[in-house]
>>> print(open('upload-v6.tsv').read())   # TSV, C-alpha atoms
chain	number	residue	atom	x	y	z
A	1	MET	CA	-51.27	132.11	0.72
A	2	ALA	CA	-53.76	132.21	3.59
A	3	GLN	CA	-56.77	131.62	1.32
A	4	GLU	CA	-55.09	128.73	-0.49
A	5	LEU	CA	-53.98	127.19	2.82
A	6	ALA	CA	-57.49	127.51	4.26
A	7	ALA	CA	-58.95	125.74	1.22
A	8	LEU	CA	-56.47	122.87	1.44
A	9	VAL	CA	-57.09	122.43	5.16
A	10	GLN	CA	-60.86	122.43	4.69
A	11	GLN	CA	-60.58	119.90	1.86
A	12	THR	CA	-58.59	117.60	4.12
A	13	ALA	CA	-61.07	118.02	6.97
A	14	ASP	CA	-64.00	117.25	4.65
A	15	ARG	CA	-62.18	114.22	3.27
A	16	LEU	CA	-61.53	112.87	6.76
A	17	ALA	CA	-65.07	113.62	7.93
A	18	GLU	CA	-66.36	111.07	5.42
A	19	ARG	CA	-64.85	108.31	7.59
A	20	GLN	CA	-64.76	110.00	10.99
A	21	VAL	CA	-67.59	111.27	13.17
A	22	GLY	CA	-65.76	114.56	13.51
A	23	VAL	CA	-62.31	115.92	12.77
A	24	VAL	CA	-60.17	119.01	13.21
A	25	VAL	CA	-57.30	119.73	10.82
A	26	ALA	CA	-54.70	122.45	11.29
A	27	ALA	CA	-51.80	123.61	9.14
A	28	VAL	CA	-48.94	125.97	9.84
A	29	ALA	CA	-47.01	127.68	7.06
A	30	ASP	CA	-44.47	130.12	8.43
A	31	ASP	CA	-46.59	132.53	10.47
A	32	VAL	CA	-49.92	131.56	8.89
A	33	VAL	CA	-52.16	129.17	10.81
A	34	GLU	CA	-55.41	127.64	9.56
A	35	ILE	CA	-57.68	125.39	11.65
A	36	ARG	CA	-60.83	123.82	10.25
A	37	GLY	CA	-63.34	121.34	11.65
A	38	ALA	CA	-65.86	119.06	10.00
A	39	GLY	CA	-68.47	116.57	11.15
A	40	SER	CA	-69.57	116.37	14.76
A	41	THR	CA	-68.06	116.17	18.23
A	42	GLY	CA	-70.48	113.34	18.87
A	43	ALA	CA	-71.23	114.84	22.28
A	44	HIS	CA	-74.70	115.69	23.55
A	45	HIS	CA	-74.90	118.90	21.52
A	46	ALA	CA	-73.17	117.33	18.47
A	47	THR	CA	-71.40	120.55	17.52
A	48	VAL	CA	-68.77	120.79	14.80
A	49	PRO	CA	-65.38	120.31	16.48
A	50	GLY	CA	-63.13	123.34	16.45
A	51	PRO	CA	-59.80	124.73	17.68
A	52	GLY	CA	-60.75	124.34	21.35
A	53	THR	CA	-62.28	120.84	21.19
A	54	LEU	CA	-60.38	118.28	23.30
A	55	PHE	CA	-59.38	114.94	21.79
A	56	GLU	CA	-57.46	112.01	23.21
A	57	ILE	CA	-54.15	112.25	21.32
A	58	GLY	CA	-52.86	108.78	22.17
A	59	SER	CA	-49.24	108.16	21.24
A	60	VAL	CA	-48.60	111.76	20.19
A	61	THR	CA	-48.14	111.99	23.97
A	62	LYS	CA	-44.76	110.27	23.45
A	63	ALA	CA	-43.40	113.42	21.79
A	64	PHE	CA	-44.24	115.35	24.96
A	65	THR	CA	-42.66	112.71	27.19
A	66	ALA	CA	-39.45	112.72	25.16
A	67	LEU	CA	-39.32	116.52	25.13
A	68	ALA	CA	-39.66	116.47	28.92
A	69	LEU	CA	-36.66	114.12	28.95
A	70	ALA	CA	-34.67	116.55	26.79
A	71	ARG	CA	-35.76	119.45	29.01
A	72	LEU	CA	-34.58	117.71	32.19
A	73	ALA	CA	-31.38	116.57	30.46
A	74	SER	CA	-30.64	120.14	29.35
A	75	ALA	CA	-31.08	121.26	32.95
A	76	GLY	CA	-28.77	118.52	34.25
A	77	THR	CA	-31.55	116.82	36.20
A	78	VAL	CA	-31.11	113.55	34.26
A	79	GLY	CA	-28.69	112.19	31.70
A	80	LEU	CA	-29.75	110.73	28.36
A	81	ASP	CA	-27.42	107.78	29.00
A	82	GLU	CA	-28.58	107.38	32.60
A	83	PRO	CA	-29.90	103.89	33.36
A	84	LEU	CA	-33.64	103.59	33.88
A	85	ALA	CA	-32.94	101.68	37.09
A	86	ASP	CA	-31.44	104.81	38.66
A	87	LEU	CA	-34.81	106.60	38.48
A	88	LEU	CA	-36.97	103.76	39.82
A	89	PRO	CA	-37.50	102.69	43.44
A	90	ALA	CA	-34.52	100.98	45.05
A	91	GLY	CA	-34.56	97.25	44.46
A	92	THR	CA	-36.61	97.41	41.24
A	93	ALA	CA	-35.50	94.62	38.91
A	94	VAL	CA	-34.88	96.06	35.44
A	95	PRO	CA	-33.97	93.61	32.65
A	96	SER	CA	-30.74	93.97	30.70
A	97	ARG	CA	-29.14	92.04	27.86
A	98	ASP	CA	-25.55	91.36	26.85
A	99	GLY	CA	-24.41	93.51	29.76
A	100	GLN	CA	-26.22	96.57	28.40
A	101	GLN	CA	-28.65	98.40	30.66
A	102	ILE	CA	-31.74	100.26	29.43
A	103	SER	CA	-31.06	104.00	29.34
A	104	LEU	CA	-33.50	106.90	29.13
A	105	GLN	CA	-32.61	107.62	25.52
A	106	HIS	CA	-33.31	103.97	24.66
A	107	LEU	CA	-36.84	104.43	26.00
A	108	ALA	CA	-37.35	107.66	24.03
A	109	THR	CA	-36.24	106.06	20.75
A	110	HIS	CA	-37.90	102.63	21.15
A	111	THR	CA	-34.53	100.89	21.23
A	112	SER	CA	-34.77	99.49	24.77
A	113	GLY	CA	-35.64	95.96	23.66
A	114	LEU	CA	-38.79	96.07	25.80
A	115	PRO	CA	-42.00	94.55	24.35
A	116	ARG	CA	-44.80	96.72	23.05
A	117	LEU	CA	-47.14	96.09	26.00
A	118	PRO	CA	-46.72	95.52	29.75
A	119	LYS	CA	-46.39	91.96	30.97
A	120	GLY	CA	-49.70	90.11	30.66
A	121	MET	CA	-51.45	92.68	28.46
A	122	LEU	CA	-50.92	90.95	25.14
A	123	LEU	CA	-52.89	87.88	26.16
A	124	GLN	CA	-55.59	90.10	27.63
A	125	ALA	CA	-55.81	92.06	24.38
A	126	LEU	CA	-56.11	88.88	22.33
A	127	LEU	CA	-58.82	87.43	24.56
A	128	ARG	CA	-60.79	90.64	25.01
A	129	PRO	CA	-60.00	93.00	22.11
A	130	SER	CA	-63.10	95.10	22.79
A	131	LYS	CA	-62.38	95.63	26.50
A	132	PRO	CA	-62.88	99.31	27.37
A	133	ASP	CA	-60.08	101.27	29.05
A	134	PRO	CA	-57.50	98.47	28.77
A	135	TYR	CA	-54.64	100.38	30.43
A	136	ALA	CA	-56.57	101.56	33.50
A	137	GLY	CA	-54.91	98.97	35.74
A	138	CYS	CA	-51.35	99.99	34.81
A	139	THR	CA	-50.34	101.39	38.17
A	140	ALA	CA	-46.68	101.82	39.08
A	141	ASP	CA	-46.77	98.71	41.27
A	142	VAL	CA	-48.21	96.61	38.47
A	143	LEU	CA	-45.79	97.97	35.86
A	144	LEU	CA	-42.68	97.47	37.98
A	145	ALA	CA	-43.73	93.99	39.09
A	146	GLY	CA	-44.25	93.06	35.44
A	147	LEU	CA	-40.94	94.66	34.45
A	148	ALA	CA	-39.12	92.28	36.79
A	149	ARG	CA	-40.55	89.34	34.80
A	150	THR	CA	-39.87	90.84	31.35
A	151	ARG	CA	-37.17	89.63	28.97
A	152	LEU	CA	-35.69	91.97	26.39
A	153	GLY	CA	-36.14	91.11	22.73
A	154	ALA	CA	-32.89	92.82	21.72
A	155	THR	CA	-29.80	94.38	23.25
A	156	PRO	CA	-30.65	97.96	24.33
A	157	GLY	CA	-29.60	100.47	21.68
A	158	LYS	CA	-29.37	97.95	18.85
A	159	ARG	CA	-32.80	97.67	17.28
A	160	PHE	CA	-35.99	99.72	16.93
A	161	ARG	CA	-38.93	97.98	18.60
A	162	TYR	CA	-41.94	100.20	19.26
A	163	SER	CA	-42.89	100.02	22.93
A	164	ASN	CA	-45.76	101.61	24.80
A	165	LEU	CA	-44.29	100.04	27.91
A	166	GLY	CA	-40.97	101.79	27.38
A	167	ALA	CA	-42.52	105.22	26.81
A	168	GLY	CA	-44.79	104.79	29.82
A	169	LEU	CA	-41.85	103.81	32.02
A	170	LEU	CA	-39.98	106.88	30.78
A	171	GLY	CA	-42.83	109.16	31.86
A	172	LEU	CA	-43.05	107.41	35.22
A	173	ALA	CA	-39.28	107.63	35.79
A	174	LEU	CA	-39.02	111.30	34.83
A	175	ALA	CA	-41.90	112.24	37.12
A	176	ARG	CA	-40.22	110.38	40.00
A	177	ARG	CA	-36.92	112.20	39.42
A	178	ALA	CA	-38.73	115.53	39.21
A	179	GLY	CA	-40.63	114.77	42.43
A	180	THR	CA	-44.06	115.24	40.88
A	181	GLU	CA	-46.75	113.55	38.81
A	182	TYR	CA	-46.52	113.08	35.06
A	183	GLU	CA	-49.27	115.59	34.24
A	184	THR	CA	-47.66	118.26	36.43
A	185	LEU	CA	-44.27	117.58	34.83
A	186	ILE	CA	-45.62	118.10	31.31
A	187	THR	CA	-47.50	121.24	32.34
A	188	ARG	CA	-44.46	122.74	34.06
A	189	GLU	CA	-41.78	121.85	31.53
A	190	ILE	CA	-43.68	122.20	28.22
A	191	CYS	CA	-47.22	123.53	28.37
A	192	ALA	CA	-46.72	126.53	30.66
A	193	PRO	CA	-43.74	127.94	28.69
A	194	LEU	CA	-45.73	127.62	25.45
A	195	GLY	CA	-49.02	128.97	26.81
A	196	MET	CA	-50.78	125.64	26.26
A	197	THR	CA	-53.73	125.55	28.66
A	198	ASP	CA	-55.71	122.55	27.40
A	199	THR	CA	-53.16	119.73	27.27
A	200	VAL	CA	-54.00	117.52	30.23
A	201	VAL	CA	-54.31	113.98	31.49
A	202	THR	CA	-57.34	114.63	33.67
A	203	VAL	CA	-60.30	116.45	32.10
A	204	ASP	CA	-62.15	118.68	34.57
A	205	ASP	CA	-65.82	119.66	34.34
A	206	ALA	CA	-65.17	122.81	32.32
A	207	ARG	CA	-63.09	120.98	29.73
A	208	SER	CA	-65.48	118.04	29.56
A	209	GLU	CA	-68.03	120.35	27.94
A	210	ARG	CA	-65.53	120.93	25.12
A	211	SER	CA	-64.46	117.29	24.79
A	212	ALA	CA	-65.31	115.23	21.74
A	213	GLN	CA	-66.96	111.86	22.23
A	214	GLY	CA	-64.78	109.02	20.99
A	215	HIS	CA	-66.15	106.27	18.75
A	216	VAL	CA	-65.13	102.75	17.87
A	217	ARG	CA	-66.89	103.48	14.59
A	218	PRO	CA	-69.63	105.92	13.56
A	219	GLY	CA	-72.70	105.25	15.68
A	220	ARG	CA	-70.83	103.25	18.31
A	221	PRO	CA	-69.40	105.42	21.15
A	222	ALA	CA	-66.18	104.34	22.85
A	223	ALA	CA	-65.30	104.67	26.52
A	224	PRO	CA	-62.48	107.11	27.31
A	225	TRP	CA	-59.04	105.69	28.02
A	226	HIS	CA	-57.11	106.30	31.24
A	227	LEU	CA	-53.54	105.05	31.23
A	228	ALA	CA	-52.83	105.34	34.98
A	229	ASP	CA	-49.03	105.37	35.49
A	230	LEU	CA	-48.44	104.49	31.83
A	231	ALA	CA	-49.69	108.00	30.91
A	232	GLY	CA	-46.38	108.93	29.29
A	233	ALA	CA	-47.17	106.50	26.48
A	234	GLY	CA	-50.52	107.98	25.47
A	235	GLY	CA	-52.51	109.59	28.27
A	236	LEU	CA	-52.75	113.22	27.14
A	237	ARG	CA	-55.79	115.06	25.83
A	238	SER	CA	-55.27	118.21	23.80
A	239	THR	CA	-56.73	120.66	21.30
A	240	ALA	CA	-55.72	121.85	17.86
A	241	THR	CA	-54.88	125.26	19.34
A	242	ASP	CA	-52.46	123.75	21.85
A	243	LEU	CA	-50.88	121.43	19.30
A	244	VAL	CA	-50.31	124.36	16.95
A	245	ALA	CA	-48.34	126.02	19.75
A	246	PHE	CA	-46.41	122.77	20.23
A	247	VAL	CA	-45.42	122.41	16.56
A	248	ARG	CA	-44.64	126.11	16.18
A	249	ALA	CA	-42.06	125.64	18.91
A	250	GLN	CA	-40.65	122.74	16.87
A	251	LEU	CA	-40.40	125.05	13.87
A	252	ASP	CA	-39.26	128.23	15.61
A	253	GLY	CA	-37.50	126.97	18.75
A	254	GLY	CA	-39.78	128.34	21.44
A	255	PRO	CA	-38.56	130.04	24.65
A	256	ALA	CA	-34.86	129.82	25.48
A	257	GLY	CA	-34.91	126.83	27.84
A	258	LEU	CA	-37.30	124.88	25.67
A	259	ALA	CA	-35.41	125.71	22.49
A	260	GLU	CA	-32.31	123.98	23.85
A	261	ALA	CA	-34.39	120.90	24.67
A	262	ILE	CA	-35.93	120.85	21.18
A	263	ARG	CA	-32.47	121.01	19.61
A	264	LEU	CA	-31.29	118.18	21.84
A	265	SER	CA	-34.33	116.03	21.05
A	266	ARG	CA	-33.56	116.23	17.32
A	267	ALA	CA	-29.78	116.04	17.64
A	268	TYR	CA	-30.04	112.44	18.79
A	269	GLU	CA	-31.17	109.90	16.21
A	270	HIS	CA	-31.28	106.16	15.70
A	271	ARG	CA	-31.12	105.14	12.04
A	272	ARG	CA	-33.52	102.42	10.93
A	273	ASN	CA	-32.43	102.50	7.28
A	274	SER	CA	-31.21	105.00	4.68
A	275	PHE	CA	-34.46	106.95	4.60
A	276	THR	CA	-35.99	106.56	8.08
A	277	TRP	CA	-34.79	107.22	11.59
A	278	VAL	CA	-36.01	108.04	15.09
A	279	HIS	CA	-35.35	111.16	17.15
A	280	LEU	CA	-36.19	111.46	20.83
A	281	GLY	CA	-39.97	111.03	20.67
A	282	TRP	CA	-40.38	111.51	16.91
A	283	MET	CA	-40.38	109.31	13.82
A	284	ALA	CA	-38.67	110.83	10.78
A	285	HIS	CA	-38.09	110.07	7.14
A	286	ARG	CA	-37.01	111.77	3.97
A	287	LEU	CA	-39.15	111.19	0.92
A	288	HIS	CA	-37.60	109.68	-2.17
A	289	PRO	CA	-36.11	112.31	-4.51
A	290	ARG	CA	-38.84	111.51	-7.04
A	291	GLN	CA	-41.32	112.62	-4.36
A	292	GLY	CA	-39.41	115.81	-3.69
A	293	GLY	CA	-36.94	114.57	-1.09
A	294	HIS	CA	-38.79	116.44	1.66
A	295	LEU	CA	-38.14	115.89	5.36
A	296	GLN	CA	-41.13	114.76	7.44
A	297	ILE	CA	-40.93	114.44	11.23
A	298	TRP	CA	-44.07	113.02	12.78
A	299	HIS	CA	-45.95	110.95	15.29
A	300	ASN	CA	-49.44	109.51	15.17
A	301	GLY	CA	-51.71	108.20	17.88
A	302	GLY	CA	-54.79	106.13	18.51
A	303	THR	CA	-56.93	105.16	21.48
A	304	GLY	CA	-60.16	103.21	21.73
A	305	GLY	CA	-62.15	106.06	20.19
A	306	PHE	CA	-59.71	108.65	18.78
A	307	SER	CA	-56.93	109.06	16.23
A	308	SER	CA	-54.32	111.77	15.86
A	309	PHE	CA	-51.40	112.95	13.74
A	310	VAL	CA	-48.77	115.67	14.14
A	311	GLY	CA	-46.17	116.15	11.43
A	312	PHE	CA	-43.82	118.95	10.43
A	313	ASP	CA	-40.92	119.96	8.20
A	314	PRO	CA	-38.46	122.27	9.99
A	315	GLU	CA	-36.63	122.94	6.72
A	316	SER	CA	-39.73	124.45	5.07
A	317	ARG	CA	-41.38	125.61	8.33
A	318	LEU	CA	-44.58	123.68	7.60
A	319	ALA	CA	-46.72	121.55	9.90
A	320	VAL	CA	-49.98	119.58	9.82
A	321	ILE	CA	-52.19	118.38	12.68
A	322	ALA	CA	-55.21	116.09	12.36
A	323	LEU	CA	-57.50	114.96	15.19
A	324	GLY	CA	-60.41	112.55	14.70
A	325	ASN	CA	-62.97	111.09	17.08
A	326	THR	CA	-63.03	107.52	15.82
A	327	ARG	CA	-60.26	104.95	16.07
A	328	ARG	CA	-59.81	104.94	12.28
A	329	PRO	CA	-56.38	106.50	11.48
A	330	VAL	CA	-56.14	110.02	10.09
A	331	ASP	CA	-52.56	109.56	8.86
A	332	GLY	CA	-53.11	109.19	5.11
A	333	PRO	CA	-54.89	112.49	4.38
A	334	ALA	CA	-52.66	114.29	6.90
A	335	PHE	CA	-49.48	113.08	5.19
A	336	ASP	CA	-51.00	114.01	1.82
A	337	LEU	CA	-51.66	117.55	3.03
A	338	LEU	CA	-48.14	117.92	4.40
A	339	ARG	CA	-46.61	116.70	1.15
A	340	THR	CA	-48.84	119.00	-0.89
A	341	LEU	CA	-47.70	121.98	1.17
A	342	GLN	CA	-44.06	120.92	0.80
A	343	THR	CA	-44.39	120.51	-2.96
A	344	GLU	CA	-46.04	123.89	-3.38
A	345	ARG	CA	-43.43	125.54	-1.16
A	346	ALA	CA	-40.63	124.02	-3.25
A	347	ALA	CA	-42.29	125.12	-6.50
A	348	THR	CA	-42.64	128.67	-5.18
A	349	ALA	CA	-39.00	128.73	-4.10
A	350	ASN	CA	-37.90	127.68	-7.57
>>> encode(input="upload-v6.tsv", output="structure tokens")
Amino acid sequence: MAQELAALVQQTADRLAERQVGVVVAAVADDVVEIRGAGSTGAHHATVPGPGTLFEIGSVTKAFTALALARLASAGTVGLDEPLADLLPAGTAVPSRDGQQISLQHLATHTSGLPRLPKGMLLQALLRPSKPDPYAGCTADVLLAGLARTRLGATPGKRFRYSNLGAGLLGLALARRAGTEYETLITREICAPLGMTDTVVTVDDARSERSAQGHVRPGRPAAPWHLADLAGAGGLRSTATDLVAFVRAQLDGGPAGLAEAIRLSRAYEHRRNSFTWVHLGWMAHRLHPRQGGHLQIWHNGGTGGFSSFVGFDPESRLAVIALGNTRRPVDGPAFDLLRTLQTERAATAN
């Protein structure tokens, strides 16, 4: 099994490296883990990226933010149904619609009705699509002032509408309730219990030497992104090693306190249609029976110079991670690898 898994992972890494500068692919099958890199970090030494190379993981951060919500909810520090307004500074104007307030679980499932981007950012993005570090000015003051001028596109809880703003506000609100900063919250509630030492918002000098250089496209480096107080939407950097620990907890449950939070995060779901739904922080779908009917829970991410994917099947205890250092998505080959592993697992079981 290990040799076959290693070959499949390397094939996927090589396939992705044809359109990335560098990539790391990891797969988990029960207790077997394989991590393979291909291409180049694009840094000064241009080494092949490996298990300890740091990448911006973009919106995969949202799975961490939502798990922090579940962790604090399990501890009684917050309630999933608690209004966002209760966690923000007194006097903050939070939009509502049809008498329904935005709750924390609405933010974690993209059902808040909030727009995708903070107030004013859409026009900026249209006028300057190549602007480096577009979220750097998203401080708490700016976000909350913009929130007061924001109208909801749907009644909270009614409709899925993907929102970086909502996820960022969730991270900001949880950190305020916990009396700390977002990065410290994620370290304390998730990374420390799982032994994850390289999942951070701020990259220090030691980690910078292991960080991949992001690229808009091969040959064109991209500036790193800093999401300020919107970090909960996509501000984390991580490694394949750390993300393996993260998905193994999703498959196995993790330590006692975290296991309860993981169960809670997947117990709640918002149905989009018969085959797709949203958990707290995760997208999910079940493949058509002609494709095997397998369950896939996942999130992808992208920044100005990186792309990422984390997907898993708790029923088969399989997971796939892909990290690339260009903005071109890694989703397709990563999904293909996950489905291949699921198909082979089903064939073996039969």
>>> closest_residue(input="upload-v6.tsv", among="A:Leu185, A:Val216, A:Ala38, A:Val9", to="A:Arg328", atoms="all atoms listed in the file")
A:Val216
>>> closest_residue(input="upload-v6.tsv", among="A:Ala240, A:Leu337, A:Leu69, A:Leu54", to="A:Arg207", atoms="only C-alpha atoms")
A:Leu54
>>> closest_residue(input="upload-v6.tsv", among="A:Asn325, A:Thr111, A:Gln3, A:Thr41", to="A:Ala222", atoms="only C-alpha atoms")
A:Asn325
>>> closest_residue(input="upload-v6.tsv", among="A:Leu147, A:Ala46, A:Val60, A:Ile262", to="A:Met283", atoms="all atoms listed in the file")
A:Val60
>>> atom_distance(input="upload-v6.tsv", atom1="atom CA of A:Ala27", atom2="atom CA of A:Ile321")
6.3 Å
>>> residues_around(input="upload-v6.tsv", residues="stretch 128-145 of chain A", least_positions_apart="5", cutoff="8 Å", atoms="all atoms listed in the file", output="PyMOL selection string")
chain A and resi 92-93+118-119+172+222-230+304
>>> atom_distance(input="upload-v6.tsv", atom1="atom CA of A:Arg210", atom2="atom CA of A:Thr53")
5.1 Å
>>> residues_around(input="upload-v6.tsv", residues="stretch 264-273 of chain A", least_positions_apart="5", cutoff="7 Å", atoms="all atoms listed in the file", output="list in words")
Leu67, Ala70, Val278, His279 and Leu280 of chain A
>>> residues_around(input="upload-v6.tsv", residues="A:Gly332", least_positions_apart="4", cutoff="10 Å", atoms="only C-alpha atoms", output="PyMOL selection string")
chain A and resi 16+309+336-337
>>> write_last_selection(input="upload-v6.tsv", atoms="C-alpha atoms", output="short mmCIF file (atom, residue, chain, number, x, y, z; two decimals), in the frame of the given file")
data_model
loop_
_atom_site.label_atom_id
_atom_site.label_comp_id
_atom_site.auth_asym_id
_atom_site.auth_seq_id
_atom_site.Cartn_x
_atom_site.Cartn_y
_atom_site.Cartn_z
CA LEU A 16 -61.53 112.87 6.76
CA PHE A 309 -51.40 112.95 13.74
CA ASP A 336 -51.00 114.01 1.82
CA LEU A 337 -51.66 117.55 3.03
#
>>> atom_distance(input="upload-v6.tsv", atom1="atom CA of A:Ala192", atom2="atom CA of A:Ala334")
27.4 Å
>>> closest_residue(input="upload-v6.tsv", among="A:Ala148, A:Met196, A:Leu243, A:Ala63", to="A:Gly168", atoms="all atoms listed in the file")
A:Ala63
>>> closest_residue(input="upload-v6.tsv", among="A:Ser96, A:Gln213, A:Gln342, A:Asn300", to="A:Thr47", atoms="only C-alpha atoms")
A:Gln213
>>> residues_around(input="upload-v6.tsv", residues="A:Ala346", least_positions_apart="3", cutoff="12 Å", atoms="all atoms listed in the file", output="PyMOL selection string")
chain A and resi 291-294+315-318+339-343+349-350
>>> residues_around(input="upload-v6.tsv", residues="A:Gly50", least_positions_apart="3", cutoff="7 Å", atoms="all atoms listed in the file", output="ChimeraX atom specification")
/A:24,36-37,53
>>> write_last_selection(input="upload-v6.tsv", atoms="C-alpha atoms", output="CSV table (one decimal), keeping the file's coordinate frame")
chain,number,residue,atom,x,y,z
A,24,VAL,CA,-60.2,119.0,13.2
A,36,ARG,CA,-60.8,123.8,10.2
A,37,GLY,CA,-63.3,121.3,11.6
A,53,THR,CA,-62.3,120.8,21.2
>>> residues_near_point(input="upload-v6.tsv", point="(-55.2, 116.7, 30.0)", cutoff="7 Å", atoms="all atoms listed in the file", output="PyMOL selection string")
chain A and resi 198-203+236-238
>>> decode(input="upload-v6.tsv", residues="stretch 20-37 of chain A", atoms="N, CA, C and O atoms", output="compact mmCIF listing (two decimals), in the first residue's frame")
# COMPACT_ATOMS: atom_id res chain seq x y z
N GLN A 20 2.86 24.68 -12.10
CA GLN A 20 3.23 25.43 -10.91
C GLN A 20 4.74 25.68 -10.98
O GLN A 20 5.46 25.04 -11.75
N VAL A 21 5.24 26.58 -10.15
CA VAL A 21 6.69 26.68 -9.97
C VAL A 21 7.15 25.52 -9.09
O VAL A 21 8.11 24.83 -9.38
N GLY A 22 6.43 25.32 -8.01
CA GLY A 22 6.73 24.20 -7.12
C GLY A 22 5.47 23.76 -6.40
O GLY A 22 4.51 24.53 -6.27
N VAL A 23 5.44 22.52 -5.96
CA VAL A 23 4.25 21.97 -5.32
C VAL A 23 4.66 20.90 -4.33
O VAL A 23 5.69 20.23 -4.48
N VAL A 24 3.83 20.76 -3.29
CA VAL A 24 3.94 19.64 -2.36
C VAL A 24 2.59 18.96 -2.30
O VAL A 24 1.55 19.63 -2.16
N VAL A 25 2.58 17.65 -2.43
CA VAL A 25 1.35 16.86 -2.35
C VAL A 25 1.51 15.84 -1.24
O VAL A 25 2.57 15.20 -1.11
N ALA A 26 0.47 15.69 -0.43
CA ALA A 26 0.48 14.70 0.65
C ALA A 26 -0.80 13.89 0.58
O ALA A 26 -1.85 14.39 0.17
N ALA A 27 -0.71 12.64 0.99
CA ALA A 27 -1.89 11.78 1.08
C ALA A 27 -1.82 10.98 2.36
O ALA A 27 -0.74 10.58 2.81
N VAL A 28 -2.98 10.77 2.94
CA VAL A 28 -3.11 9.97 4.16
C VAL A 28 -4.08 8.84 3.86
O VAL A 28 -5.19 9.07 3.36
N ALA A 29 -3.65 7.61 4.15
CA ALA A 29 -4.51 6.45 4.01
C ALA A 29 -4.37 5.62 5.28
O ALA A 29 -3.35 4.96 5.49
N ASP A 30 -5.37 5.71 6.14
CA ASP A 30 -5.29 5.11 7.46
C ASP A 30 -4.07 5.68 8.19
O ASP A 30 -3.99 6.87 8.41
N ASP A 31 -3.10 4.83 8.51
CA ASP A 31 -1.93 5.30 9.24
C ASP A 31 -0.72 5.55 8.33
O ASP A 31 0.38 5.83 8.82
N VAL A 32 -0.91 5.44 7.03
CA VAL A 32 0.17 5.65 6.08
C VAL A 32 0.12 7.08 5.56
O VAL A 32 -0.94 7.56 5.14
N VAL A 33 1.26 7.75 5.59
CA VAL A 33 1.35 9.13 5.11
C VAL A 33 2.46 9.21 4.08
O VAL A 33 3.57 8.71 4.31
N GLU A 34 2.17 9.83 2.94
CA GLU A 34 3.19 10.07 1.92
C GLU A 34 3.18 11.55 1.56
O GLU A 34 2.11 12.12 1.31
N ILE A 35 4.36 12.17 1.51
CA ILE A 35 4.50 13.58 1.14
C ILE A 35 5.58 13.67 0.07
O ILE A 35 6.69 13.18 0.27
N ARG A 36 5.25 14.29 -1.04
CA ARG A 36 6.19 14.42 -2.14
C ARG A 36 6.17 15.85 -2.69
O ARG A 36 5.12 16.47 -2.80
N GLY A 37 7.35 16.35 -3.04
CA GLY A 37 7.47 17.67 -3.64
C GLY A 37 8.00 17.57 -5.05
O GLY A 37 8.62 16.58 -5.44
